Amino acid sequence: EEEEAALALEELLGPSPLAPGPGAQRIAIVHPAVKWGPRKSPLTTAELQIAEAVALVDTLQNWTVLDKIIIPTKNPNQKFVFGKGNFQVLTEKIKKLPHVTAVFLNVERISSLTKKELEGAWGVQVFDRYTMVLHIFRCNARTKEAKLQVALAEIPLLRSNLKNEVSQRDQQRGGSRYVMGSGETFLETQNRVLKERELKIRNALEKLRRKRALLRAQRRKCEFPMVSVMGYTNCGKTTLIKALTGEAGLQPRDQLFATLDITAHAGYLPSHMAVIYVDTIGFLTDLPHNLVESFSATLEEVAYSDLIIHVRDITHPETILQKATVLSVLRNLSLPSHLLDSVVEVHNKVDLIERYKPAEENALAISALHGHGLEELKQEIEKKILTATGKKILIFNINLEGPQLSWLYKEAAVQEVEVMPEDGTARVKVIIGSSAFGRYKNLFPNSKIFLS
């Protein structure tokens, strides 16, 4: 049975029919600039939006940007995205580009019909943000879970491609639309196949989710607090976790979506309390809803945190828009209100700004790379963790001949031991969880305990 399950999983994780062919791609980036109306974002500019599109292309190996073209449009949702005159100018520009292999149209999603029309007019493949980000995810997916989540995010694309294919078949052939006398049309057959595939992927993800819930329960037993580190992609989350934990094996990459999988790393706070820092997927403006939904299994971990750290790249010209994006995703995750209310906002990369002072009252200025502000951050994390978990800092008066000291070392975070040799006792300062404290009082009812 296990062997069959493994084979079924391998089949789901096979090569993607949507992946662009291997080899180098020479890309023209086209950005439809909405000059007015409700679709124009007040927090950004066309130049900054195209810079982010360039960063997306640069993430992929052997992909290069040949040209960046900004063209105004009133309504990017129309069939050809641009008005007739602008579309003609754009088509001539693209056709003159040497050895162009694809166009990246910097909009969230285009319909399969629009894609077909544009590819027909320009003679090359056309990607939107959905297909571009999906391909980056595909290249960065390391674990089975991340690969399954990418496969799930591909289903809506496969569905819309299927509709396009069917309408083409109907135009070309006419005649019978049924498959081999089965009473099912080609569209119905293919839709059923896709539905079955989606169900298999969701079941496989559910199994992995249950496995992770088991690991989470084990962590809870050990009473390790969990801190989720979140932020816009490339804001410095991994660098910060490396700085907080001293984990040499963590290699931050200056790249969008370098982290797709949840990874957990242990670190210590000033009181020697052990915490687990969880590195999460980065966010992006206009990240299509289906993609966020596909990765909900990964983001689910955040709901079980004791604290969220929101890391911002304060040097980025769109830092305010990036903050709005992250907060909007957090709100959509249906997190408990106490978790949203206690978010620690961290302004990273302050070493690149002279005498930086955060405008936000409770934000902490740090440089994860150079270690600036990390001690203050650790103290803030500790303060919030104690509140969130109900842990207490207490002083126990114990007899050194009894088992209390070894019990406290095993079940709590011992901070200081002050021995009184004249009467064989010690004052022990510890951080202790409420369930461990309850067990201690039951085991050693005569012990003297003081608040630190």
# chains A, B, ... in the order shown; residues from 1 in each chain; ligands from 1
>>> residues_around(residues="region 312-325 of chain A", least_positions_apart="3", cutoff="7 Å", atoms="only C-alpha atoms", output="list in words")
Leu43, Thr44, Gly231, Tyr232, Cys235, Thr285, Ser328, Val329, Val346, His347, Asn348, Lys349 and Val350 of chain A
>>> select_by_dssp(residues="region 53-193 of chain A", states="strand (DSSP E or B)", output="list in words")
Trp63, Thr64, Val65, Leu66, Asp67, Lys68, Ile69, Ile70, Ile71, Pro72, Thr73, Ala102, Val103, Phe104, Leu105, Gln125, Val126, Phe127, Tyr178 and Thr185 of chain A
>>> residues_around(residues="Glu11 (chain A)", least_positions_apart="6", cutoff="12 Å", atoms="only C-alpha atoms", output="PDB file with C-alpha atoms, in the first residue's frame")
ATOM      1  CA  GLU A   4       1.384   2.364  -4.287  1.00  0.00           C
ATOM      2  CA  ALA A   5       0.940   5.650  -2.408  1.00  0.00           C
ATOM      3  CA  LYS A 144       7.144  17.291  -1.732  1.00  0.00           C
ATOM      4  CA  LYS A 147       5.823  20.781  -5.233  1.00  0.00           C
ATOM      5  CA  LEU A 148       2.274  19.618  -4.488  1.00  0.00           C
ATOM      6  CA  ALA A 151       0.765  21.474  -8.813  1.00  0.00           C
ATOM      7  CA  ARG A 197      -5.998  15.211 -10.140  1.00  0.00           C
ATOM      8  CA  LYS A 200      -5.471  13.536  -5.312  1.00  0.00           C
ATOM      9  CA  ILE A 201      -3.244  16.599  -4.713  1.00  0.00           C
ATOM     10  CA  ALA A 204      -1.746  14.197  -0.461  1.00  0.00           C
TER      11      ALA A 204
END
>>> residues_around(residues="region 124-129 of chain A", least_positions_apart="6", cutoff="6 Å", atoms="only C-alpha atoms", output="PDB file with N, CA, C and O atoms, in the first residue's frame")
ATOM      1  N   THR A 101      12.236  35.823 -27.091  1.00  0.00           N
ATOM      2  CA  THR A 101      11.575  34.496 -27.031  1.00  0.00           C
ATOM      3  C   THR A 101      10.227  34.559 -26.307  1.00  0.00           C
ATOM      4  O   THR A 101       9.421  33.645 -26.424  1.00  0.00           O
ATOM      5  N   ALA A 102      10.006  35.613 -25.483  1.00  0.00           N
ATOM      6  CA  ALA A 102       8.742  35.696 -24.738  1.00  0.00           C
ATOM      7  C   ALA A 102       8.489  37.125 -24.291  1.00  0.00           C
ATOM      8  O   ALA A 102       9.418  37.930 -24.183  1.00  0.00           O
ATOM      9  N   VAL A 103       7.208  37.413 -24.015  1.00  0.00           N
ATOM     10  CA  VAL A 103       6.818  38.715 -23.452  1.00  0.00           C
ATOM     11  C   VAL A 103       6.222  38.456 -22.072  1.00  0.00           C
ATOM     12  O   VAL A 103       5.391  37.564 -21.898  1.00  0.00           O
ATOM     13  N   PHE A 104       6.681  39.235 -21.087  1.00  0.00           N
ATOM     14  CA  PHE A 104       6.098  39.183 -19.744  1.00  0.00           C
ATOM     15  C   PHE A 104       5.207  40.402 -19.616  1.00  0.00           C
ATOM     16  O   PHE A 104       5.679  41.530 -19.521  1.00  0.00           O
ATOM     17  N   LEU A 105       3.881  40.165 -19.684  1.00  0.00           N
ATOM     18  CA  LEU A 105       2.909  41.242 -19.538  1.00  0.00           C
ATOM     19  C   LEU A 105       2.627  41.390 -18.048  1.00  0.00           C
ATOM     20  O   LEU A 105       2.085  40.488 -17.422  1.00  0.00           O
ATOM     21  N   ASN A 106       3.003  42.534 -17.488  1.00  0.00           N
ATOM     22  CA  ASN A 106       2.987  42.699 -16.028  1.00  0.00           C
ATOM     23  C   ASN A 106       1.585  43.021 -15.500  1.00  0.00           C
ATOM     24  O   ASN A 106       1.332  44.079 -14.940  1.00  0.00           O
ATOM     25  N   VAL A 107       0.661  42.052 -15.707  1.00  0.00           N
ATOM     26  CA  VAL A 107      -0.684  42.135 -15.118  1.00  0.00           C
ATOM     27  C   VAL A 107      -0.911  40.842 -14.343  1.00  0.00           C
ATOM     28  O   VAL A 107      -0.272  39.828 -14.616  1.00  0.00           O
ATOM     29  N   GLU A 108      -1.848  40.891 -13.397  1.00  0.00           N
ATOM     30  CA  GLU A 108      -2.054  39.730 -12.522  1.00  0.00           C
ATOM     31  C   GLU A 108      -2.398  38.477 -13.316  1.00  0.00           C
ATOM     32  O   GLU A 108      -1.798  37.431 -13.148  1.00  0.00           O
ATOM     33  N   ARG A 109      -3.352  38.577 -14.229  1.00  0.00           N
ATOM     34  CA  ARG A 109      -3.809  37.388 -14.941  1.00  0.00           C
ATOM     35  C   ARG A 109      -4.442  37.796 -16.253  1.00  0.00           C
ATOM     36  O   ARG A 109      -5.194  38.762 -16.303  1.00  0.00           O
TER      37      ARG A 109
END
>>> atom_distance(atom1="CA of Leu335 (chain A)", atom2="CA of Ser305 (chain A)")
9.7 Å
>>> closest_residue(among="A:Pro225, A:Glu196, A:Ser160, A:Ser16", to="Cys139 (chain A)", atoms="only C-alpha atoms")
A:Ser16
>>> atom_distance(atom1="CA of Val343 (chain A)", atom2="CA of Ile309 (chain A)")
5.8 Å
>>> closest_residue(among="A:Glu380, A:Ser367, A:Ser228, A:Ile395", to="Leu330 (chain A)", atoms="only C-alpha atoms")
A:Ser228
>>> atom_distance(atom1="CA of Thr59 (chain A)", atom2="CA of Met132 (chain A)")
10.3 Å
>>> residues_around(residues="Asn203 (chain A)", least_positions_apart="3", cutoff="12 Å", atoms="only C-alpha atoms", output="ChimeraX atom specification")
/A:5,8-9,12,145,148-149,152,196-200,206-210,297
>>> write_last_selection(atoms="all heavy atoms", output="compact mmCIF listing (two decimals), in the first residue's frame")
# COMPACT_ATOMS: atom_id res chain seq x y z
N ALA A 5 1.12 4.23 -2.76
CA ALA A 5 0.94 5.65 -2.41
C ALA A 5 2.13 6.47 -2.89
O ALA A 5 1.97 7.57 -3.41
CB ALA A 5 0.77 5.79 -0.90
N ALA A 8 1.91 6.89 -6.65
CA ALA A 8 0.85 7.87 -6.98
C ALA A 8 1.35 9.29 -6.75
O ALA A 8 1.06 10.21 -7.53
CB ALA A 8 -0.38 7.59 -6.14
N LEU A 9 2.12 9.46 -5.66
CA LEU A 9 2.66 10.79 -5.34
C LEU A 9 3.68 11.22 -6.39
O LEU A 9 3.67 12.36 -6.85
CB LEU A 9 3.31 10.75 -3.95
CG LEU A 9 3.69 12.10 -3.33
CD1 LEU A 9 2.49 13.01 -3.20
CD2 LEU A 9 4.32 11.90 -1.95
N LEU A 12 2.01 12.57 -9.40
CA LEU A 12 1.52 13.94 -9.22
C LEU A 12 2.64 14.96 -9.31
O LEU A 12 2.43 16.11 -9.66
CB LEU A 12 0.83 14.08 -7.85
CG LEU A 12 -0.50 13.36 -7.65
CD1 LEU A 12 -0.96 13.50 -6.21
CD2 LEU A 12 -1.57 13.89 -8.59
N GLU A 145 5.89 18.81 -0.33
CA GLU A 145 4.75 19.69 -0.01
C GLU A 145 4.73 20.91 -0.93
O GLU A 145 3.70 21.26 -1.50
CB GLU A 145 4.80 20.13 1.45
CG GLU A 145 3.57 20.90 1.83
CD GLU A 145 3.40 21.03 3.33
OE1 GLU A 145 4.39 21.03 4.06
OE2 GLU A 145 2.25 21.13 3.76
N LEU A 148 3.71 19.88 -4.41
CA LEU A 148 2.27 19.62 -4.49
C LEU A 148 1.48 20.92 -4.53
O LEU A 148 0.48 21.05 -5.23
CB LEU A 148 1.82 18.79 -3.28
CG LEU A 148 2.12 17.29 -3.33
CD1 LEU A 148 1.88 16.66 -1.96
CD2 LEU A 148 1.27 16.57 -4.38
N GLN A 149 1.93 21.92 -3.75
CA GLN A 149 1.23 23.20 -3.70
C GLN A 149 1.33 23.91 -5.06
O GLN A 149 0.38 24.54 -5.51
CB GLN A 149 1.79 24.06 -2.56
CG GLN A 149 1.35 23.50 -1.23
CD GLN A 149 1.97 24.20 -0.02
OE1 GLN A 149 1.31 24.40 0.97
NE2 GLN A 149 3.23 24.54 -0.08
N LEU A 152 -1.07 22.20 -7.38
CA LEU A 152 -2.44 22.64 -7.09
C LEU A 152 -2.72 24.00 -7.72
O LEU A 152 -3.79 24.25 -8.27
CB LEU A 152 -2.66 22.69 -5.57
CG LEU A 152 -4.07 22.99 -5.07
CD1 LEU A 152 -5.04 21.91 -5.51
CD2 LEU A 152 -4.08 23.10 -3.55
N GLU A 196 -10.14 14.90 -10.73
CA GLU A 196 -9.53 13.78 -10.01
C GLU A 196 -8.11 14.13 -9.57
O GLU A 196 -7.70 13.81 -8.46
CB GLU A 196 -9.51 12.52 -10.91
CG GLU A 196 -10.87 11.85 -11.04
CD GLU A 196 -10.93 10.81 -12.16
OE1 GLU A 196 -9.86 10.51 -12.74
OE2 GLU A 196 -12.03 10.31 -12.44
N ARG A 197 -7.38 14.80 -10.47
CA ARG A 197 -6.00 15.21 -10.14
C ARG A 197 -6.00 16.18 -8.95
O ARG A 197 -5.23 16.03 -8.01
CB ARG A 197 -5.35 15.86 -11.37
CG ARG A 197 -3.92 16.34 -11.12
CD ARG A 197 -3.30 16.88 -12.40
NE ARG A 197 -2.05 17.57 -12.12
CZ ARG A 197 -0.89 16.97 -11.90
NH1 ARG A 197 -0.81 15.65 -11.92
NH2 ARG A 197 0.21 17.67 -11.66
N GLU A 198 -6.93 17.14 -8.99
CA GLU A 198 -7.01 18.12 -7.91
C GLU A 198 -7.31 17.43 -6.57
O GLU A 198 -6.71 17.74 -5.54
CB GLU A 198 -8.09 19.15 -8.22
CG GLU A 198 -8.16 20.25 -7.17
CD GLU A 198 -9.18 21.33 -7.49
OE1 GLU A 198 -9.84 21.26 -8.55
OE2 GLU A 198 -9.32 22.26 -6.66
N LEU A 199 -8.23 16.46 -6.61
CA LEU A 199 -8.61 15.73 -5.41
C LEU A 199 -7.41 14.95 -4.84
O LEU A 199 -7.16 14.96 -3.63
CB LEU A 199 -9.76 14.77 -5.73
CG LEU A 199 -10.55 14.26 -4.53
CD1 LEU A 199 -11.24 15.40 -3.79
CD2 LEU A 199 -11.59 13.23 -4.97
N LYS A 200 -6.66 14.30 -5.74
CA LYS A 200 -5.47 13.54 -5.31
C LYS A 200 -4.44 14.46 -4.66
O LYS A 200 -3.85 14.13 -3.64
CB LYS A 200 -4.84 12.83 -6.52
CG LYS A 200 -5.57 11.57 -6.95
CD LYS A 200 -4.93 11.00 -8.21
CE LYS A 200 -5.70 9.81 -8.74
NZ LYS A 200 -5.20 9.41 -10.09
N GLU A 206 -3.24 16.98 2.49
CA GLU A 206 -3.90 16.77 3.78
C GLU A 206 -3.09 15.81 4.65
O GLU A 206 -2.94 16.00 5.86
CB GLU A 206 -5.33 16.25 3.55
CG GLU A 206 -6.20 16.18 4.79
CD GLU A 206 -6.23 17.45 5.63
OE1 GLU A 206 -6.34 18.55 5.06
OE2 GLU A 206 -6.10 17.35 6.87
N LYS A 207 -2.54 14.75 4.03
CA LYS A 207 -1.70 13.79 4.76
C LYS A 207 -0.48 14.49 5.34
O LYS A 207 -0.11 14.29 6.50
CB LYS A 207 -1.24 12.66 3.81
CG LYS A 207 -2.22 11.52 3.71
CD LYS A 207 -1.66 10.40 2.86
CE LYS A 207 -2.73 9.36 2.56
NZ LYS A 207 -2.30 8.42 1.51
N LEU A 208 0.15 15.34 4.51
CA LEU A 208 1.33 16.07 4.97
C LEU A 208 0.97 17.06 6.07
O LEU A 208 1.71 17.30 7.00
CB LEU A 208 2.00 16.81 3.79
CG LEU A 208 2.70 15.90 2.77
CD1 LEU A 208 3.05 16.68 1.52
CD2 LEU A 208 3.96 15.28 3.35
N ARG A 209 -0.24 17.64 5.95
CA ARG A 209 -0.71 18.60 6.95
C ARG A 209 -0.89 17.92 8.30
O ARG A 209 -0.54 18.45 9.34
CB ARG A 209 -2.03 19.19 6.47
CG ARG A 209 -2.44 20.46 7.19
CD ARG A 209 -3.80 20.91 6.68
NE ARG A 209 -3.67 22.08 5.86
CZ ARG A 209 -4.40 22.33 4.80
NH1 ARG A 209 -5.29 21.47 4.39
NH2 ARG A 209 -4.25 23.43 4.11
N ARG A 210 -1.46 16.69 8.25
CA ARG A 210 -1.67 15.92 9.49
C ARG A 210 -0.33 15.58 10.13
O ARG A 210 -0.18 15.63 11.35
CB ARG A 210 -2.46 14.65 9.20
CG ARG A 210 -3.95 14.93 8.97
CD ARG A 210 -4.80 13.69 9.19
NE ARG A 210 -4.52 12.66 8.21
CZ ARG A 210 -5.19 12.52 7.07
NH1 ARG A 210 -6.15 13.35 6.74
NH2 ARG A 210 -4.89 11.54 6.23
N ALA A 297 -1.60 25.75 3.13
CA ALA A 297 -1.10 24.68 4.00
C ALA A 297 0.18 25.14 4.69
O ALA A 297 0.41 24.88 5.88
CB ALA A 297 -0.83 23.43 3.19
>>> residues_around(residues="region 406-420 of chain A", least_positions_apart="2", cutoff="7 Å", atoms="only C-alpha atoms", output="VMD selection string")
chain A and resid 271 to 273 403 to 404 422 to 432 436
>>> closest_residue(among="A:Ile155, A:Val229, A:Leu194, A:Val57", to="His135 (chain A)", atoms="only C-alpha atoms")
A:Val57
>>> closest_residue(among="A:His99, A:Arg202, A:His310, A:His370", to="Gln25 (chain A)", atoms="only C-alpha atoms")
A:His99
>>> select_by_dssp(residues="region 392-433 of chain A", states="helix (DSSP H, G or I)", output="PyMOL selection string")
chain A and resi 404-411
